[in-house]
file my_file_0.cif (mmCIF, C-alpha atoms)
data_model
#
loop_
_atom_site.group_PDB
_atom_site.id
_atom_site.type_symbol
_atom_site.label_atom_id
_atom_site.label_comp_id
_atom_site.auth_asym_id
_atom_site.auth_seq_id
_atom_site.Cartn_x
_atom_site.Cartn_y
_atom_site.Cartn_z
ATOM 1 C CA MET Y 1 102.691 56.025 59.488
ATOM 2 C CA PRO Y 2 103.597 56.406 63.184
ATOM 3 C CA PHE Y 3 101.908 59.145 65.187
ATOM 4 C CA ASP Y 4 104.138 62.180 65.646
ATOM 5 C CA PHE Y 5 103.519 63.902 68.929
ATOM 6 C CA ARG Y 6 105.334 66.992 67.627
ATOM 7 C CA ARG Y 7 102.218 67.877 65.629
ATOM 8 C CA PHE Y 8 100.842 69.485 68.774
ATOM 9 C CA ASP Y 9 103.680 72.017 68.821
ATOM 10 C CA ILE Y 10 102.141 75.431 68.122
ATOM 11 C CA TYR Y 11 105.512 77.112 68.565
ATOM 12 C CA ARG Y 12 107.175 75.935 65.349
ATOM 13 C CA LYS Y 13 110.873 76.663 65.148
ATOM 14 C CA VAL Y 14 112.404 78.533 62.251
ATOM 15 C CA PRO Y 15 115.970 77.562 61.290
ATOM 16 C CA LYS Y 16 118.514 80.285 62.008
ATOM 17 C CA ASP Y 17 119.745 80.318 58.423
ATOM 18 C CA LEU Y 18 116.250 81.494 57.396
ATOM 19 C CA THR Y 19 116.259 84.475 59.742
ATOM 20 C CA GLN Y 20 117.844 87.852 59.153
ATOM 21 C CA PRO Y 21 119.083 90.031 62.053
ATOM 22 C CA THR Y 22 118.948 93.809 61.667
ATOM 23 C CA TYR Y 23 120.294 96.759 63.637
ATOM 24 C CA THR Y 24 116.763 98.125 63.982
ATOM 25 C CA GLY Y 25 115.539 94.800 65.355
ATOM 26 C CA ALA Y 26 118.411 94.725 67.852
ATOM 27 C CA ILE Y 27 117.566 98.232 69.116
ATOM 28 C CA ILE Y 28 113.861 97.393 69.401
ATOM 29 C CA SER Y 29 114.678 94.121 71.205
ATOM 30 C CA ILE Y 30 116.884 95.867 73.778
ATOM 31 C CA CYS Y 31 114.278 98.567 74.368
ATOM 32 C CA CYS Y 32 111.616 95.874 74.617
ATOM 33 C CA CYS Y 33 113.561 93.939 77.278
ATOM 34 C CA LEU Y 34 114.249 97.103 79.293
ATOM 35 C CA PHE Y 35 110.580 98.057 79.135
ATOM 36 C CA ILE Y 36 109.521 94.583 80.286
ATOM 37 C CA PHE Y 37 112.036 94.694 83.123
ATOM 38 C CA PHE Y 38 110.723 98.095 84.287
ATOM 39 C CA LEU Y 39 107.090 96.927 84.233
ATOM 40 C CA PHE Y 40 108.038 93.692 85.975
ATOM 41 C CA LEU Y 41 109.685 95.605 88.844
ATOM 42 C CA SER Y 42 106.639 97.871 89.117
ATOM 43 C CA GLU Y 43 104.275 94.915 89.317
ATOM 44 C CA LEU Y 44 106.554 93.082 91.744
ATOM 45 C CA THR Y 45 106.566 96.118 94.046
ATOM 46 C CA GLY Y 46 102.783 96.260 93.895
ATOM 47 C CA PHE Y 47 102.561 92.526 94.621
ATOM 48 C CA ILE Y 48 104.826 92.736 97.668
ATOM 49 C CA THR Y 49 103.242 95.921 99.046
ATOM 50 C CA THR Y 50 100.204 95.510 101.284
ATOM 51 C CA GLU Y 51 97.093 97.311 100.079
ATOM 52 C CA ILE Y 52 94.706 98.981 102.528
ATOM 53 C CA VAL Y 53 91.041 98.770 101.509
ATOM 54 C CA ASN Y 54 88.393 100.687 103.438
ATOM 55 C CA GLU Y 55 84.633 100.299 103.619
ATOM 56 C CA LEU Y 56 81.719 101.813 105.520
ATOM 57 C CA TYR Y 57 78.823 100.026 107.162
ATOM 58 C CA VAL Y 58 76.289 100.486 109.971
ATOM 59 C CA ASP Y 59 77.100 98.254 112.940
ATOM 60 C CA ASP Y 60 78.684 98.045 116.377
ATOM 61 C CA PRO Y 61 81.955 96.295 115.509
ATOM 62 C CA ASP Y 62 83.275 95.540 119.008
ATOM 63 C CA LYS Y 63 80.350 93.638 120.500
ATOM 64 C CA ASP Y 64 82.605 91.955 123.083
ATOM 65 C CA SER Y 65 83.533 95.245 124.753
ATOM 66 C CA GLY Y 66 80.514 95.191 127.051
ATOM 67 C CA GLY Y 67 79.284 98.500 125.694
ATOM 68 C CA LYS Y 68 82.450 100.274 126.859
ATOM 69 C CA ILE Y 69 85.070 102.411 125.104
ATOM 70 C CA ASP Y 70 88.559 102.846 126.528
ATOM 71 C CA VAL Y 71 89.751 106.456 126.696
ATOM 72 C CA SER Y 72 93.281 107.794 127.092
ATOM 73 C CA LEU Y 73 93.654 111.431 128.169
ATOM 74 C CA ASN Y 74 96.873 113.402 128.667
ATOM 75 C CA ILE Y 75 96.511 117.111 129.416
ATOM 76 C CA SER Y 76 98.652 119.794 131.059
ATOM 77 C CA LEU Y 77 97.306 122.720 133.104
ATOM 78 C CA PRO Y 78 100.393 124.842 133.846
ATOM 79 C CA SER Y 79 98.597 127.219 136.230
ATOM 80 C CA LEU Y 80 96.456 124.862 138.334
ATOM 81 C CA HIS Y 81 97.674 122.861 141.346
ATOM 82 C CA CYS Y 82 97.373 119.080 141.177
ATOM 83 C CA GLU Y 83 95.222 118.880 144.325
ATOM 84 C CA LEU Y 84 92.606 120.951 142.502
ATOM 85 C CA VAL Y 85 92.539 118.953 139.267
ATOM 86 C CA GLY Y 86 89.911 116.250 138.923
ATOM 87 C CA LEU Y 87 88.138 114.202 136.242
ATOM 88 C CA ASP Y 88 84.359 113.888 136.238
ATOM 89 C CA ILE Y 89 82.373 111.471 134.048
ATOM 90 C CA GLN Y 90 78.656 111.427 133.296
ATOM 91 C CA ASP Y 91 76.409 110.060 130.563
ATOM 92 C CA GLU Y 92 72.795 109.382 129.585
ATOM 93 C CA MET Y 93 72.797 105.978 131.308
ATOM 94 C CA GLY Y 94 72.836 107.744 134.655
ATOM 95 C CA ARG Y 95 76.534 107.548 135.360
ATOM 96 C CA HIS Y 96 77.786 110.514 137.352
ATOM 97 C CA GLU Y 97 81.272 110.120 138.781
ATOM 98 C CA VAL Y 98 83.080 113.055 140.348
ATOM 99 C CA GLY Y 99 86.824 112.874 140.915
ATOM 100 C CA HIS Y 100 87.664 109.707 138.957
ATOM 101 C CA ILE Y 101 91.041 108.451 140.180
ATOM 102 C CA ASP Y 102 91.420 104.887 138.826
ATOM 103 C CA ASN Y 103 94.346 104.442 136.380
ATOM 104 C CA SER Y 104 95.150 108.138 136.588
ATOM 105 C CA MET Y 105 98.240 110.084 137.542
ATOM 106 C CA LYS Y 106 98.946 113.721 138.381
ATOM 107 C CA ILE Y 107 102.418 115.099 137.720
ATOM 108 C CA PRO Y 108 103.323 118.519 139.214
ATOM 109 C CA LEU Y 109 104.620 121.120 136.757
ATOM 110 C CA ASN Y 110 106.456 124.417 137.213
ATOM 111 C CA ASN Y 111 107.574 123.669 140.790
ATOM 112 C CA GLY Y 112 104.108 122.537 141.788
ATOM 113 C CA VAL Y 113 102.260 125.513 140.292
ATOM 114 C CA GLY Y 114 100.809 123.470 137.438
ATOM 115 C CA CYS Y 115 99.734 119.899 136.817
ATOM 116 C CA ARG Y 116 99.842 117.277 134.122
ATOM 117 C CA PHE Y 117 96.941 114.831 134.254
ATOM 118 C CA GLU Y 118 97.254 111.414 132.620
ATOM 119 C CA GLY Y 119 94.364 109.018 132.846
ATOM 120 C CA GLN Y 120 92.883 105.917 131.276
ATOM 121 C CA PHE Y 121 89.228 105.169 131.834
ATOM 122 C CA SER Y 122 86.193 103.772 130.063
ATOM 123 C CA ILE Y 123 82.957 105.374 128.928
ATOM 124 C CA ASN Y 124 79.635 103.860 127.919
ATOM 125 C CA LYS Y 125 78.604 103.764 124.276
ATOM 126 C CA VAL Y 126 75.966 106.428 124.815
ATOM 127 C CA PRO Y 127 76.106 110.228 124.582
ATOM 128 C CA GLY Y 128 77.766 111.819 127.561
ATOM 129 C CA ASN Y 129 80.735 113.861 128.670
ATOM 130 C CA PHE Y 130 83.846 113.841 130.796
ATOM 131 C CA HIS Y 131 85.471 117.001 132.013
ATOM 132 C CA VAL Y 132 88.559 118.229 133.809
ATOM 133 C CA SER Y 133 87.604 120.647 136.556
ATOM 134 C CA THR Y 134 87.983 121.604 140.214
ATOM 135 C CA HIS Y 135 84.577 120.117 141.144
ATOM 136 C CA SER Y 136 86.138 117.309 143.194
ATOM 137 C CA ALA Y 137 88.439 119.592 145.186
ATOM 138 C CA THR Y 138 87.695 119.913 148.894
ATOM 139 C CA ALA Y 139 87.979 123.689 148.689
ATOM 140 C CA GLN Y 140 87.186 125.596 145.523
ATOM 141 C CA PRO Y 141 89.858 128.093 144.418
ATOM 142 C CA GLN Y 142 88.943 131.718 143.976
ATOM 143 C CA ASN Y 143 90.156 132.108 140.371
ATOM 144 C CA PRO Y 144 91.009 128.731 138.836
ATOM 145 C CA ASP Y 145 93.133 129.031 135.689
ATOM 146 C CA MET Y 146 91.968 126.560 133.037
ATOM 147 C CA THR Y 147 94.503 127.387 130.336
ATOM 148 C CA HIS Y 148 95.791 124.057 129.052
ATOM 149 C CA VAL Y 149 97.541 121.988 126.418
ATOM 150 C CA ILE Y 150 96.067 118.661 125.275
ATOM 151 C CA HIS Y 151 98.812 116.182 124.471
ATOM 152 C CA LYS Y 152 96.602 113.209 123.703
ATOM 153 C CA LEU Y 153 92.966 112.210 123.588
ATOM 154 C CA SER Y 154 92.302 108.861 121.968
ATOM 155 C CA PHE Y 155 89.649 106.153 122.098
ATOM 156 C CA GLY Y 156 90.110 102.394 121.837
ATOM 157 C CA ASP Y 157 93.264 100.665 120.617
ATOM 158 C CA THR Y 158 96.157 102.688 119.277
ATOM 159 C CA LEU Y 159 96.666 102.065 115.554
ATOM 160 C CA GLN Y 160 100.198 102.699 114.335
ATOM 161 C CA VAL Y 161 99.769 102.044 110.625
ATOM 162 C CA GLN Y 162 101.560 104.237 108.098
ATOM 163 C CA ASN Y 163 98.967 103.960 105.336
ATOM 164 C CA ILE Y 164 96.092 105.135 107.531
ATOM 165 C CA HIS Y 165 95.774 108.872 108.048
ATOM 166 C CA GLY Y 166 92.797 109.253 110.339
ATOM 167 C CA ALA Y 167 91.773 111.595 113.140
ATOM 168 C CA PHE Y 168 92.610 109.175 115.968
ATOM 169 C CA ASN Y 169 94.124 111.977 118.066
ATOM 170 C CA ALA Y 170 92.446 115.024 116.589
ATOM 171 C CA LEU Y 171 92.952 117.109 119.737
ATOM 172 C CA GLY Y 172 96.607 116.193 120.150
ATOM 173 C CA GLY Y 173 98.625 119.407 120.387
ATOM 174 C CA ALA Y 174 95.633 121.680 121.063
ATOM 175 C CA ASP Y 175 97.081 124.765 122.791
ATOM 176 C CA ARG Y 176 94.819 127.043 124.864
ATOM 177 C CA LEU Y 177 97.531 128.761 126.912
ATOM 178 C CA THR Y 178 96.593 132.191 125.582
ATOM 179 C CA SER Y 179 92.890 131.814 126.336
ATOM 180 C CA ASN Y 180 90.979 133.596 129.076
ATOM 181 C CA PRO Y 181 92.130 131.841 132.310
ATOM 182 C CA LEU Y 182 88.582 131.850 133.707
ATOM 183 C CA ALA Y 183 86.948 130.562 130.542
ATOM 184 C CA SER Y 184 85.372 127.144 130.165
ATOM 185 C CA HIS Y 185 86.177 125.109 127.074
ATOM 186 C CA ASP Y 186 83.683 122.894 125.296
ATOM 187 C CA TYR Y 187 84.994 120.225 122.924
ATOM 188 C CA ILE Y 188 82.157 118.558 121.029
ATOM 189 C CA LEU Y 189 83.311 115.191 119.703
ATOM 190 C CA LYS Y 190 81.715 112.965 117.081
ATOM 191 C CA ILE Y 191 83.224 109.505 117.586
ATOM 192 C CA VAL Y 192 83.429 107.123 114.619
ATOM 193 C CA PRO Y 193 84.091 103.405 115.317
ATOM 194 C CA THR Y 194 87.051 102.096 113.323
ATOM 195 C CA VAL Y 195 88.140 98.510 112.676
ATOM 196 C CA TYR Y 196 91.546 97.497 111.372
ATOM 197 C CA GLU Y 197 91.967 93.944 110.074
ATOM 198 C CA ASP Y 198 95.454 92.719 109.186
ATOM 199 C CA LYS Y 199 96.404 90.005 106.699
ATOM 200 C CA SER Y 200 96.033 87.266 109.324
ATOM 201 C CA GLY Y 201 92.440 88.300 110.028
ATOM 202 C CA LYS Y 202 93.170 89.779 113.459
ATOM 203 C CA GLN Y 203 91.019 92.815 114.191
ATOM 204 C CA ARG Y 204 91.800 95.866 116.312
ATOM 205 C CA TYR Y 205 89.138 98.312 117.395
ATOM 206 C CA SER Y 206 89.809 102.023 117.574
ATOM 207 C CA TYR Y 207 87.839 105.234 117.192
ATOM 208 C CA GLN Y 208 88.369 108.330 115.117
ATOM 209 C CA TYR Y 209 86.648 111.571 115.987
ATOM 210 C CA THR Y 210 85.926 115.015 114.703
ATOM 211 C CA VAL Y 211 85.895 117.977 117.027
ATOM 212 C CA ALA Y 212 84.360 121.422 117.332
ATOM 213 C CA ASN Y 213 85.076 123.722 120.236
ATOM 214 C CA LYS Y 214 83.852 126.869 121.893
ATOM 215 C CA GLU Y 215 85.066 129.038 124.755
ATOM 216 C CA TYR Y 216 82.825 130.844 127.234
ATOM 217 C CA VAL Y 217 82.630 132.080 130.830
ATOM 218 C CA ALA Y 218 80.280 130.019 133.033
ATOM 219 C CA TYR Y 219 78.776 131.178 136.320
ATOM 220 C CA SER Y 220 77.395 129.006 139.117
ATOM 221 C CA HIS Y 221 74.085 129.676 140.902
ATOM 222 C CA THR Y 222 76.038 131.611 143.505
ATOM 223 C CA GLY Y 223 77.491 133.903 140.875
ATOM 224 C CA ARG Y 224 81.002 132.448 141.034
ATOM 225 C CA ILE Y 225 82.947 131.591 137.890
ATOM 226 C CA ILE Y 226 83.607 127.849 137.787
ATOM 227 C CA PRO Y 227 85.537 127.034 134.611
ATOM 228 C CA ALA Y 228 85.997 123.511 133.295
ATOM 229 C CA ILE Y 229 87.304 121.668 130.244
ATOM 230 C CA TRP Y 230 84.399 119.677 128.791
ATOM 231 C CA PHE Y 231 84.593 116.818 126.320
ATOM 232 C CA ARG Y 232 81.064 116.119 125.127
ATOM 233 C CA TYR Y 233 80.810 113.069 122.890
ATOM 234 C CA ASP Y 234 78.343 111.235 120.737
ATOM 235 C CA LEU Y 235 78.841 108.084 118.659
ATOM 236 C CA SER Y 236 78.306 107.782 114.930
ATOM 237 C CA PRO Y 237 76.372 104.710 113.709
ATOM 238 C CA ILE Y 238 78.753 104.443 110.758
ATOM 239 C CA THR Y 239 81.759 102.151 111.173
ATOM 240 C CA VAL Y 240 84.938 102.519 109.105
ATOM 241 C CA LYS Y 241 86.791 99.286 108.369
ATOM 242 C CA TYR Y 242 90.347 99.069 107.028
ATOM 243 C CA THR Y 243 91.453 95.717 105.639
ATOM 244 C CA GLU Y 244 94.974 94.682 104.695
ATOM 245 C CA ARG Y 245 95.088 92.884 101.360
ATOM 246 C CA ARG Y 246 97.819 91.587 99.143
ATOM 247 C CA GLN Y 247 97.458 91.025 95.416
ATOM 248 C CA PRO Y 248 96.735 87.335 94.659
ATOM 249 C CA LEU Y 249 99.533 85.325 93.046
ATOM 250 C CA TYR Y 250 97.408 84.353 90.053
ATOM 251 C CA ARG Y 251 96.693 88.015 89.286
ATOM 252 C CA PHE Y 252 100.399 88.837 89.507
ATOM 253 C CA ILE Y 253 101.271 85.976 87.095
ATOM 254 C CA THR Y 254 98.477 87.025 84.711
ATOM 255 C CA THR Y 255 99.732 90.611 84.679
ATOM 256 C CA ILE Y 256 103.338 89.534 84.021
ATOM 257 C CA CYS Y 257 102.229 87.300 81.140
ATOM 258 C CA ALA Y 258 100.187 90.166 79.703
ATOM 259 C CA ILE Y 259 103.160 92.519 79.980
ATOM 260 C CA ILE Y 260 105.581 90.118 78.289
ATOM 261 C CA GLY Y 261 103.156 88.999 75.571
ATOM 262 C CA GLY Y 262 101.820 92.463 74.839
ATOM 263 C CA THR Y 263 105.252 94.081 74.734
ATOM 264 C CA PHE Y 264 106.712 91.443 72.409
ATOM 265 C CA THR Y 265 103.662 91.635 70.159
ATOM 266 C CA VAL Y 266 103.762 95.419 69.858
ATOM 267 C CA ALA Y 267 107.543 95.362 69.396
ATOM 268 C CA GLY Y 268 107.208 92.694 66.696
ATOM 269 C CA ILE Y 269 104.624 94.745 64.837
ATOM 270 C CA LEU Y 270 106.814 97.842 65.100
ATOM 271 C CA ASP Y 271 109.904 95.953 63.907
ATOM 272 C CA SER Y 272 107.945 94.426 61.018
ATOM 273 C CA CYS Y 273 106.658 97.822 59.919
ATOM 274 C CA ILE Y 274 110.137 99.369 60.034
ATOM 275 C CA PHE Y 275 111.664 96.423 58.170
ATOM 276 C CA THR Y 276 108.959 96.502 55.471
ATOM 277 C CA ALA Y 277 109.345 100.248 55.056
ATOM 278 C CA SER Y 278 113.135 99.982 54.762
ATOM 279 C CA GLU Y 279 112.870 97.208 52.164
ATOM 280 C CA ALA Y 280 110.405 99.267 50.155
ATOM 281 C CA TRP Y 281 112.732 102.266 50.352
ATOM 282 C CA LYS Y 282 115.626 100.154 49.092
ATOM 283 C CA LYS Y 283 113.555 99.031 46.125
ATOM 284 C CA ILE Y 284 112.646 102.620 45.340
ATOM 285 C CA GLN Y 285 116.316 103.597 45.524
ATOM 286 C CA LEU Y 286 117.265 100.754 43.181
ATOM 287 C CA GLY Y 287 114.551 101.858 40.761
ATOM 288 C CA LYS Y 288 115.919 105.396 40.722
ATOM 289 C CA MET Y 289 119.438 104.102 40.018
ATOM 290 C CA HIS Y 290 118.205 102.309 36.920
#

call {"tool": "encode", "arguments": {"input": "my_file_0.cif", "output": "structure tokens"}}
result
Amino acid sequence: MPFDFRRFDIYRKVPKDLTQPTYTGAIISICCCLFIFFLFLSELTGFITTEIVNELYVDDPDKDSGGKIDVSLNISLPSLHCELVGLDIQDEMGRHEVGHIDNSMKIPLNNGVGCRFEGQFSINKVPGNFHVSTHSATAQPQNPDMTHVIHKLSFGDTLQVQNIHGAFNALGGADRLTSNPLASHDYILKIVPTVYEDKSGKQRYSYQYTVANKEYVAYSHTGRIIPAIWFRYDLSPITVKYTERRQPLYRFITTICAIIGGTFTVAGILDSCIFTASEAWKKIQLGKMH
């Protein structure tokens, strides 16, 4: 007897003349197909959409930065002349720079009465501070007005990713226009290193930060009030890493197979139960007629 390869067929076919279509089976089949189509679209959307996974670890992620962090500051002082505004930087490594001018710009406001300071500079990865003040001015004003609005203060690369809601510009929009004009402002920042890795493996290094602030009147040794806007910072040893991931193709195929197989199985069981119950009811009805 010749070998019949069809013996390996586990999906044996039933002739159509041995099957019986029902209205209930048709309704269940349509509902089943619609349900499968809905789940398929949901899984397809999840497969196409990029997932953002975050993790925490202790490390210095940007080791190639030379121990530096880039800072971008944009602040308006509507009641202080530009020739009086200066940026000072100091830290625990001994850096003490008064009147930093590199990569900075002063834009007069209110017909020269006020000033908008925009600057980009770098700080060392050690505790320190930078402050906007009149310390670098050749002649100190009698009553400097330090009311201000902070438009932007950010560290590192700018991350424009919709799925990440971090405090990369926590002081953006801070309004101190109604404060005491002679008051100093202390912003205490806790900087958290942040890494963003896209699907290609390219990494960008940024920094989030939390902030606390206080307002006080400071006097010099001569008894004069010398207000300033201080940004005192310290770095957290914890690094936050965001990684772009996309669902693997094999997982997507496995899920689709599970959806189709599971739905057809459950629908088949439901159709079989309804058909069996209807046949039993018919037999009961025939018994009552006799």

call {"tool": "residues_around", "arguments": {"input": "my_file_0.cif", "residues": "Y:Gly112", "least_positions_apart": "6", "cutoff": "12 Å", "atoms": "all atoms listed in the file", "output": "list in words"}}
result
Leu77, Pro78, Ser79, Leu80, His81, Cys82, Glu83, Leu84 and Lys106 of chain Y

call {"tool": "resolve_selection", "arguments": {"input": "my_file_0.cif", "expression": "the PyMOL selection byres ((chain Y and resi 235-250) around 6)", "output": "VMD selection string"}}
result
chain Y and resid 47 50 to 58 190 to 199 234 251 to 253

call {"tool": "resolve_selection", "arguments": {"input": "my_file_0.cif", "expression": "the PyMOL selection byres ((chain Y and resi 103) around 8)", "output": "ChimeraX atom specification"}}
result
/Y:101-102,104-105,119-121

call {"tool": "closest_residue", "arguments": {"input": "my_file_0.cif", "among": "Y:Thr147, Y:Gln90, Y:Gln142, Y:Ser42", "to": "Y:Asn129", "atoms": "all atoms listed in the file"}}
result
Y:Gln90

call {"tool": "closest_residue", "arguments": {"input": "my_file_0.cif", "among": "Y:Ala139, Y:Leu177, Y:Leu153, Y:Ile107", "to": "Y:Asp70", "atoms": "all atoms listed in the file"}}
result
Y:Leu153

call {"tool": "closest_residue", "arguments": {"input": "my_file_0.cif", "among": "Y:Trp230, Y:Tyr23, Y:Phe168, Y:Phe38", "to": "Y:Ala218", "atoms": "all atoms listed in the file"}}
result
Y:Trp230
